[in-house]
file start_13.txt (compact mmCIF, C-alpha atoms)
# COMPACT_ATOMS: atom_id res chain seq x y z
CA MET P 1 100.11 8.69 87.62
CA VAL P 2 102.57 5.84 87.03
CA TYR P 3 103.11 2.96 89.46
CA THR P 4 105.70 0.22 89.77
CA VAL P 5 104.64 -3.40 90.14
CA GLY P 6 105.58 -3.27 93.83
CA GLN P 7 103.46 -0.18 94.43
CA VAL P 8 100.47 -1.76 92.70
CA ALA P 9 100.88 -4.93 94.74
CA ARG P 10 100.83 -2.95 98.00
CA LEU P 11 97.90 -0.76 96.95
CA ALA P 12 95.76 -3.67 95.79
CA GLY P 13 96.75 -6.19 98.44
CA VAL P 14 98.00 -8.77 95.95
CA THR P 15 101.43 -10.31 95.38
CA VAL P 16 103.90 -9.28 92.72
CA ARG P 17 103.79 -12.86 91.49
CA THR P 18 100.03 -12.53 90.95
CA LEU P 19 100.54 -9.38 88.86
CA HIS P 20 103.21 -11.12 86.80
CA HIS P 21 100.78 -14.00 86.20
CA TYR P 22 97.99 -11.63 85.15
CA ASP P 23 100.40 -10.05 82.67
CA GLU P 24 101.52 -13.42 81.31
CA ILE P 25 97.96 -14.56 80.59
CA GLY P 26 96.90 -11.18 79.19
CA LEU P 27 94.39 -10.42 81.93
CA LEU P 28 96.19 -7.29 83.13
CA SER P 29 99.14 -6.10 81.09
CA PRO P 30 100.81 -2.86 82.23
CA SER P 31 100.35 0.13 79.97
CA GLY P 32 104.05 0.81 79.79
CA ARG P 33 107.60 -0.23 80.55
CA SER P 34 110.58 1.63 81.96
CA GLY P 35 113.73 2.10 79.95
CA THR P 36 115.12 -1.01 81.60
CA GLY P 37 112.01 -3.07 80.89
CA TYR P 38 110.25 -2.91 84.25
CA ARG P 39 106.46 -2.90 84.29
CA ARG P 40 104.73 0.47 84.73
CA TYR P 41 101.01 0.73 85.53
CA ASP P 42 98.69 3.73 85.18
CA ASP P 43 95.35 4.62 86.78
CA ALA P 44 93.40 2.75 84.09
CA ASP P 45 95.37 -0.41 84.88
CA LEU P 46 94.52 -0.01 88.57
CA GLU P 47 90.84 0.38 87.73
CA ARG P 48 90.95 -2.84 85.71
CA LEU P 49 92.73 -4.60 88.59
CA GLN P 50 89.97 -3.44 90.94
CA HIS P 51 87.36 -5.09 88.72
CA ILE P 52 89.46 -8.26 88.54
CA ARG P 53 89.68 -8.41 92.32
CA TYR P 54 85.94 -7.91 92.74
CA TYR P 55 85.12 -10.70 90.30
CA ARG P 56 87.71 -13.00 91.89
CA GLU P 57 86.17 -12.34 95.30
CA LEU P 58 82.86 -13.40 93.84
CA GLY P 59 84.38 -16.70 92.69
CA PHE P 60 84.74 -16.07 88.95
CA PRO P 61 87.59 -17.99 87.23
CA LEU P 62 90.28 -15.92 85.52
CA GLU P 63 89.22 -17.05 82.05
CA GLU P 64 85.65 -15.84 82.62
CA ILE P 65 86.88 -12.54 84.07
CA ALA P 66 89.01 -12.00 80.96
CA ALA P 67 85.98 -12.63 78.77
CA ILE P 68 83.79 -10.26 80.81
CA LEU P 69 86.33 -7.44 80.83
CA GLY P 70 87.16 -8.02 77.18
CA ASP P 71 83.58 -7.57 76.06
CA PRO P 72 83.58 -4.39 73.89
CA ALA P 73 79.92 -3.78 74.74
CA SER P 74 80.63 -3.53 78.49
CA ASP P 75 81.71 -0.44 80.39
CA PRO P 76 83.07 0.32 83.90
CA THR P 77 79.68 1.46 85.18
CA ALA P 78 78.02 -1.77 84.07
CA HIS P 79 80.74 -3.79 85.80
CA LEU P 80 80.31 -1.85 89.02
CA ARG P 81 76.54 -2.26 88.91
CA ARG P 82 76.81 -6.01 88.42
CA GLN P 83 79.46 -6.39 91.12
CA HIS P 84 77.40 -4.29 93.51
CA GLU P 85 74.37 -6.52 93.05
CA LEU P 86 76.37 -9.70 93.58
CA LEU P 87 78.28 -8.35 96.56
CA THR P 88 75.16 -6.98 98.24
CA VAL P 89 73.72 -10.49 98.44
CA ARG P 90 76.98 -11.87 99.82
CA ILE P 91 77.52 -9.02 102.30
CA LYS P 92 74.06 -9.51 103.79
CA ARG P 93 74.87 -13.12 104.60
CA LEU P 94 78.34 -12.35 105.93
CA GLN P 95 77.20 -9.50 108.12
CA GLU P 96 74.73 -11.81 109.83
CA MET P 97 77.80 -13.52 111.28
CA VAL P 98 79.73 -10.40 112.36
CA THR P 99 78.51 -10.21 115.94
CA ALA P 100 79.02 -13.91 116.60
CA ILE P 101 82.49 -14.06 115.04
CA GLU P 102 83.84 -10.92 116.69
CA PHE P 103 82.55 -11.87 120.08
CA ALA P 104 83.76 -15.48 119.94
CA MET P 105 87.30 -14.41 119.04
CA GLU P 106 87.59 -11.22 121.06
CA ALA P 107 86.06 -11.97 124.38
CA SER P 108 84.31 -15.01 125.70
CA LYS P 109 83.25 -18.61 125.41
CA MET P 110 79.67 -17.58 124.72
CA ASN P 111 77.58 -18.90 127.57
CA ILE P 112 74.41 -18.51 125.52
CA GLN P 113 71.17 -19.84 126.93
CA LEU P 114 69.26 -20.48 123.71
CA THR P 115 67.41 -23.44 122.32
CA PRO P 116 68.91 -25.10 119.21
CA GLU P 117 66.22 -23.43 117.10
CA GLU P 118 66.96 -20.00 118.55
CA ARG P 119 70.72 -20.45 118.15
CA PHE P 120 70.22 -21.24 114.46
CA GLU P 121 67.98 -18.21 113.99
CA VAL P 122 70.58 -15.91 115.56
CA PHE P 123 73.83 -17.43 114.31
CA GLY P 124 72.86 -19.49 111.27
CA ASP P 125 75.39 -22.26 110.61
CA PHE P 126 78.16 -20.40 112.48
CA ASP P 127 79.16 -22.12 115.73
CA PRO P 128 79.66 -19.42 118.41
CA ASP P 129 81.52 -21.91 120.61
CA ALA P 130 84.11 -22.76 117.95
CA HIS P 131 86.80 -20.49 119.44
CA ALA P 132 85.75 -20.85 123.06
CA GLU P 133 88.88 -22.62 124.30
CA GLU P 134 91.23 -20.23 122.53
CA ALA P 135 89.33 -17.19 123.78
CA GLU P 136 89.56 -18.42 127.36
CA GLN P 137 93.29 -19.11 127.02
CA ARG P 138 94.01 -15.69 125.53
CA TRP P 139 91.72 -13.49 127.63
CA GLY P 140 90.46 -15.64 130.49
CA GLY P 141 92.42 -13.69 133.11
CA SER P 142 91.28 -10.27 131.94
CA GLU P 143 88.53 -8.17 133.45
CA ALA P 144 87.12 -7.66 129.94
CA TYR P 145 86.68 -11.41 129.56
CA ARG P 146 84.98 -11.75 132.94
CA GLU P 147 82.73 -8.78 132.28
CA SER P 148 81.75 -10.13 128.88
CA ASN P 149 80.93 -13.51 130.40
CA ARG P 150 78.71 -11.86 133.02
CA ARG P 151 76.80 -9.91 130.40
CA VAL P 152 76.22 -12.60 127.79
CA SER P 153 75.10 -15.12 130.38
CA ARG P 154 72.02 -12.92 130.82
CA TYR P 155 71.33 -12.27 127.13
CA THR P 156 68.11 -13.54 125.56
CA LYS P 157 67.40 -14.35 121.96
CA GLU P 158 66.00 -10.83 121.51
CA ASP P 159 69.22 -9.34 122.89
CA TRP P 160 71.33 -11.27 120.36
CA LEU P 161 69.06 -10.31 117.49
CA ARG P 162 69.31 -6.65 118.50
CA ILE P 163 73.13 -6.84 118.69
CA LYS P 164 73.26 -8.55 115.31
CA ALA P 165 71.04 -5.87 113.72
CA GLU P 166 73.19 -3.07 115.17
CA ASN P 167 76.35 -4.61 113.77
CA GLU P 168 74.77 -5.25 110.38
CA ASP P 169 73.76 -1.60 110.14
CA TRP P 170 77.26 -0.45 111.13
CA GLY P 171 78.82 -2.84 108.61
CA ARG P 172 76.72 -1.54 105.73
CA ARG P 173 77.69 2.03 106.50
CA ILE P 174 81.44 1.49 106.79
CA VAL P 175 81.55 -0.55 103.57
CA ALA P 176 79.62 2.21 101.78
CA LEU P 177 81.96 4.87 103.18
CA MET P 178 85.06 2.97 102.08
CA ALA P 179 83.55 2.45 98.62
CA SER P 180 82.92 6.20 98.37
CA GLY P 181 86.67 6.83 98.54
CA ALA P 182 86.65 8.59 101.91
CA PRO P 183 90.09 8.22 103.58
CA ALA P 184 90.36 6.00 106.65
CA ASP P 185 91.40 9.03 108.72
CA SER P 186 88.48 11.15 107.56
CA PRO P 187 86.03 12.44 110.18
CA GLU P 188 83.35 10.11 108.84
CA ALA P 189 85.57 7.02 109.07
CA MET P 190 86.76 7.93 112.55
CA GLU P 191 83.16 8.39 113.65
CA LEU P 192 82.34 4.86 112.47
CA ALA P 193 85.45 3.56 114.25
CA GLU P 194 84.22 5.22 117.42
CA GLU P 195 80.81 3.64 116.91
CA HIS P 196 82.54 0.25 116.53
CA ARG P 197 84.27 0.77 119.89
CA GLN P 198 81.02 1.80 121.54
CA LEU P 199 79.18 -1.24 120.14
CA ILE P 200 81.73 -3.48 121.85
CA SER P 201 81.49 -1.50 125.09
CA ARG P 202 77.71 -1.50 125.09
CA SER P 203 77.29 -5.19 124.31
CA PHE P 204 80.29 -7.02 125.78
CA TYR P 205 82.94 -5.19 127.81
CA GLU P 206 84.36 -1.72 128.33
CA CYS P 207 86.52 -1.25 125.26
CA SER P 208 89.10 1.46 125.95
CA TYR P 209 91.02 3.16 123.14
CA GLU P 210 94.05 1.08 124.11
CA ILE P 211 92.06 -2.15 123.80
CA HIS P 212 90.46 -0.95 120.58
CA THR P 213 93.78 -0.22 118.87
CA GLY P 214 95.01 -3.60 120.08
CA LEU P 215 92.06 -5.23 118.35
CA ALA P 216 92.83 -3.20 115.21
CA ASP P 217 96.36 -4.59 115.16
CA MET P 218 95.03 -8.11 115.68
CA TYR P 219 92.67 -7.72 112.72
CA LEU P 220 95.76 -7.29 110.53
CA ALA P 221 97.99 -9.84 112.26
CA ASP P 222 95.51 -12.71 112.60
CA GLU P 223 94.66 -14.24 109.22
CA ARG P 224 91.24 -15.33 110.48
CA PHE P 225 90.25 -11.73 111.19
CA THR P 226 91.83 -10.57 107.94
CA GLY P 227 89.95 -13.22 106.01
CA HIS P 228 86.70 -12.30 107.72
CA TYR P 229 86.89 -8.60 106.92
CA GLU P 230 88.26 -9.12 103.40
CA ALA P 231 85.30 -11.41 102.71
CA ILE P 232 82.98 -8.53 103.57
CA ALA P 233 84.83 -6.10 101.29
CA PRO P 234 88.36 -6.19 99.85
CA GLY P 235 90.56 -3.74 101.75
CA LEU P 236 88.20 -3.43 104.72
CA THR P 237 90.68 -4.89 107.23
CA ALA P 238 93.32 -2.24 106.66
CA TYR P 239 90.68 0.49 106.31
CA LEU P 240 89.04 -0.32 109.65
CA SER P 241 92.38 -0.75 111.41
CA GLU P 242 93.62 2.63 110.18
CA ALA P 243 90.34 4.31 111.11
CA ILE P 244 90.50 2.86 114.65
CA HIS P 245 94.05 4.13 115.15
CA ALA P 246 93.19 7.55 113.72
CA ASN P 247 90.16 7.79 115.97
CA ALA P 248 92.13 6.85 119.08
CA ILE P 249 94.80 9.47 118.31
CA SER P 250 92.18 12.11 117.57
CA ARG P 251 90.31 11.56 120.81
CA ALA P 252 93.32 11.00 123.07

call {"tool": "encode", "arguments": {"input": "start_13.txt", "output": "structure tokens"}}
result
Amino acid sequence: MVYTVGQVARLAGVTVRTLHHYDEIGLLSPSGRSGTGYRRYDDADLERLQHIRYYRELGFPLEEIAAILGDPASDPTAHLRRQHELLTVRIKRLQEMVTAIEFAMEASKMNIQLTPEERFEVFGDFDPDAHAEEAEQRWGGSEAYRESNRRVSRYTKEDWLRIKAENEDWGRRIVALMASGAPADSPEAMELAEEHRQLISRSFYECSYEIHTGLADMYLADERFTGHYEAIAPGLTAYLSEAIHANAISRA
């Protein structure tokens, strides 16, 4: 299949300018050109771009990526294996923050009765009060906010560790499903979206399908949410948002 530069930019979540730059430095040159000289990419180009994005996410400079991908002794499977190992380490650390980040920005000001040592064990170096004022301004008048405040005020260290473990397990499974190529509106993806909704309902406040789809839209609109999910896995923000909407429509 042949793609225009605009189509590749939308599929990969990069800018056209970035693709032009990759072409100029020889990192990703399109396999063909149209009769009028426009860039045309094929599936092999998209596969190379995927590897570039993974290495960039891991912090590799463009020059080093070019050297890695230009190694005649390497192959796509070896690249995927190496990227998987590096990302697994990073994902583990990021997923330890999922519960704290989502809660701080979605619901409450985190009235957590923990000692400093316990807070560090649960949240690491993430400050769960960082978005407290904004959360209160945005949701303070809602029943969901009040309900969440009532619940978390009673949570113990063990409760937070349990919630964190549940979210880590969910995060591993949705990243694996996305990596498998399953569409966001597949039954498996919708089931994980439903589990995401139920995790919120069980731990913080009753998350209706209307609220859930609203959160899905916010994940895309708010760069902090987008950055959070993209740090877990490139493309996860849009994947989760689409799965949430598909699930809500399916179960309505």

call {"tool": "atom_distance", "arguments": {"input": "start_13.txt", "atom1": "CA of Asp42 (chain P)", "atom2": "CA of Asp71 (chain P)"}}
result
21.0 Å

call {"tool": "atom_distance", "arguments": {"input": "start_13.txt", "atom1": "CA of Tyr3 (chain P)", "atom2": "CA of Arg40 (chain P)"}}
result
5.6 Å

call {"tool": "closest_atom_pairs", "arguments": {"input": "start_13.txt", "of": "region 205-243 of chain P", "to": "region 194-199 of chain P", "cutoff": "10 Å", "atoms": "all atoms listed in the file", "output": "Markdown table"}}
result
| residue | atom | partner | partner_atom | distance |
| --- | --- | --- | --- | --- |
| P:Tyr205 | CA | P:Leu199 | CA | 9.4 |
| P:Glu206 | CA | P:Gln198 | CA | 8.3 |
| P:Cys207 | CA | P:Arg197 | CA | 6.2 |
| P:Ser208 | CA | P:Arg197 | CA | 7.8 |
| P:Tyr209 | CA | P:Arg197 | CA | 7.9 |
| P:Ile211 | CA | P:Arg197 | CA | 9.2 |
| P:His212 | CA | P:Arg197 | CA | 6.5 |
| P:Thr213 | CA | P:Arg197 | CA | 9.6 |
| P:Leu215 | CA | P:Arg197 | CA | 10.0 |
| P:Leu240 | CA | P:His196 | CA | 9.5 |
| P:Ala243 | CA | P:Glu194 | CA | 8.8 |

call {"tool": "closest_residue", "arguments": {"input": "start_13.txt", "among": "P:Ile163, P:Val5, P:Leu87, P:Val14", "to": "Gly37 (chain P)", "atoms": "only C-alpha atoms"}}
result
P:Val5

call {"tool": "residues_around", "arguments": {"input": "start_13.txt", "residues": "Pro30 (chain P)", "least_positions_apart": "2", "cutoff": "10 Å", "atoms": "all atoms listed in the file", "output": "list of chain:residue names"}}
result
P:Tyr3, P:Thr4, P:Val5, P:Leu19, P:His20, P:Tyr22, P:Asp23, P:Gly26, P:Leu27, P:Leu28, P:Gly32, P:Arg33, P:Tyr38, P:Arg39, P:Arg40, P:Tyr41, P:Asp42, P:Ala44, P:Asp45, P:Leu46

call {"tool": "closest_residue", "arguments": {"input": "start_13.txt", "among": "P:Gln83, P:Ser31, P:Thr237, P:Thr88", "to": "Phe60 (chain P)", "atoms": "all atoms listed in the file"}}
result
P:Gln83

call {"tool": "closest_residue", "arguments": {"input": "start_13.txt", "among": "P:Arg150, P:Arg48, P:Ser250, P:Ala78", "to": "Ile65 (chain P)", "atoms": "all atoms listed in the file"}}
result
P:Arg48

call {"tool": "axis_aligned_box", "arguments": {"input": "start_13.txt", "around": "region 195-199 of chain P", "padding_each_side": "4 Å", "output": "JSON"}}
result
{"center_x": 81.7, "center_y": 1.2, "center_z": 119.0, "size_x": 13.1, "size_y": 12.9, "size_z": 13.0}

call {"tool": "residues_around", "arguments": {"input": "start_13.txt", "residues": "region 179-193 of chain P", "least_positions_apart": "6", "cutoff": "6 Å", "atoms": "all atoms listed in the file", "output": "list in words"}}
result
Tyr239, Glu242, Ala243, Ile244, Ala246 and Asn247 of chain P

call {"tool": "atom_distance", "arguments": {"input": "start_13.txt", "atom1": "CA of Gly235 (chain P)", "atom2": "CA of Trp160 (chain P)"}}
result
27.8 Å

call {"tool": "residues_around", "arguments": {"input": "start_13.txt", "residues": "Leu220 (chain P)", "least_positions_apart": "5", "cutoff": "8 Å", "atoms": "all atoms listed in the file", "output": "ChimeraX atom specification"}}
result
/P:225-226,237-238,241

call {"tool": "closest_residue", "arguments": {"input": "start_13.txt", "among": "P:Tyr54, P:Tyr155, P:Tyr229, P:Trp170", "to": "Arg82 (chain P)", "atoms": "only C-alpha atoms"}}
result
P:Tyr54

call {"tool": "closest_residue", "arguments": {"input": "start_13.txt", "among": "P:Glu210, P:Glu230, P:Glu223, P:Glu166", "to": "His245 (chain P)", "atoms": "all atoms listed in the file"}}
result
P:Glu210

call {"tool": "build_atoms", "arguments": {"input": "start_13.txt", "residues": "region 169-188 of chain P", "atoms": "N, CA, C and O atoms", "output": "CSV table (one decimal), keeping the file's coordinate frame"}}
result
chain,number,residue,atom,x,y,z
P,169,ASP,N,73.9,-3.0,110.6
P,169,ASP,CA,73.8,-1.6,110.1
P,169,ASP,C,75.1,-0.9,110.1
P,169,ASP,O,75.4,-0.2,109.1
P,170,TRP,N,75.9,-1.1,111.1
P,170,TRP,CA,77.3,-0.4,111.1
P,170,TRP,C,78.1,-1.0,110.0
P,170,TRP,O,78.8,-0.2,109.3
P,171,GLY,N,78.0,-2.3,109.7
P,171,GLY,CA,78.8,-2.8,108.6
P,171,GLY,C,78.4,-2.3,107.3
P,171,GLY,O,79.3,-2.0,106.4
P,172,ARG,N,77.2,-2.1,107.0
P,172,ARG,CA,76.7,-1.5,105.7
P,172,ARG,C,77.3,-0.1,105.5
P,172,ARG,O,77.7,0.2,104.5
P,173,ARG,N,77.3,0.6,106.6
P,173,ARG,CA,77.7,2.0,106.5
P,173,ARG,C,79.2,2.2,106.3
P,173,ARG,O,79.6,3.0,105.5
P,174,ILE,N,80.0,1.3,107.0
P,174,ILE,CA,81.4,1.5,106.8
P,174,ILE,C,81.9,1.0,105.4
P,174,ILE,O,82.8,1.5,104.8
P,175,VAL,N,81.2,-0.1,104.9
P,175,VAL,CA,81.6,-0.6,103.6
P,175,VAL,C,81.2,0.5,102.5
P,175,VAL,O,81.9,0.8,101.6
P,176,ALA,N,80.0,1.2,102.7
P,176,ALA,CA,79.6,2.2,101.8
P,176,ALA,C,80.6,3.4,101.8
P,176,ALA,O,80.9,4.0,100.8
P,177,LEU,N,81.0,3.7,103.0
P,177,LEU,CA,82.0,4.9,103.2
P,177,LEU,C,83.3,4.5,102.5
P,177,LEU,O,83.8,5.4,101.8
P,178,MET,N,83.8,3.4,102.7
P,178,MET,CA,85.1,3.0,102.1
P,178,MET,C,84.9,3.0,100.6
P,178,MET,O,85.8,3.5,99.8
P,179,ALA,N,83.8,2.5,100.1
P,179,ALA,CA,83.6,2.4,98.6
P,179,ALA,C,83.4,3.9,98.0
P,179,ALA,O,83.7,4.1,96.8
P,180,SER,N,83.0,4.8,98.8
P,180,SER,CA,82.9,6.2,98.4
P,180,SER,C,84.3,6.9,98.2
P,180,SER,O,84.4,7.9,97.5
P,181,GLY,N,85.3,6.2,98.7
P,181,GLY,CA,86.7,6.8,98.5
P,181,GLY,C,87.1,7.7,99.7
P,181,GLY,O,88.2,8.3,99.7
P,182,ALA,N,86.3,7.8,100.7
P,182,ALA,CA,86.6,8.6,101.9
P,182,ALA,C,87.9,8.0,102.6
P,182,ALA,O,87.9,6.8,102.8
P,183,PRO,N,88.9,8.8,102.9
P,183,PRO,CA,90.1,8.2,103.6
P,183,PRO,C,89.8,7.6,104.9
P,183,PRO,O,88.8,8.0,105.6
P,184,ALA,N,90.6,6.7,105.4
P,184,ALA,CA,90.4,6.0,106.6
P,184,ALA,C,90.5,7.0,107.8
P,184,ALA,O,90.0,6.7,108.9
P,185,ASP,N,91.2,8.1,107.6
P,185,ASP,CA,91.4,9.0,108.7
P,185,ASP,C,90.5,10.2,108.6
P,185,ASP,O,90.7,11.3,109.2
P,186,SER,N,89.5,10.1,107.7
P,186,SER,CA,88.5,11.2,107.6
P,186,SER,C,87.6,11.2,108.8
P,186,SER,O,87.4,10.2,109.5
P,187,PRO,N,86.9,12.3,109.0
P,187,PRO,CA,86.0,12.4,110.2
P,187,PRO,C,84.9,11.4,110.2
P,187,PRO,O,84.6,10.8,111.2
P,188,GLU,N,84.4,11.1,109.0
P,188,GLU,CA,83.4,10.1,108.8
P,188,GLU,C,83.8,8.7,109.2
P,188,GLU,O,83.1,8.0,109.9
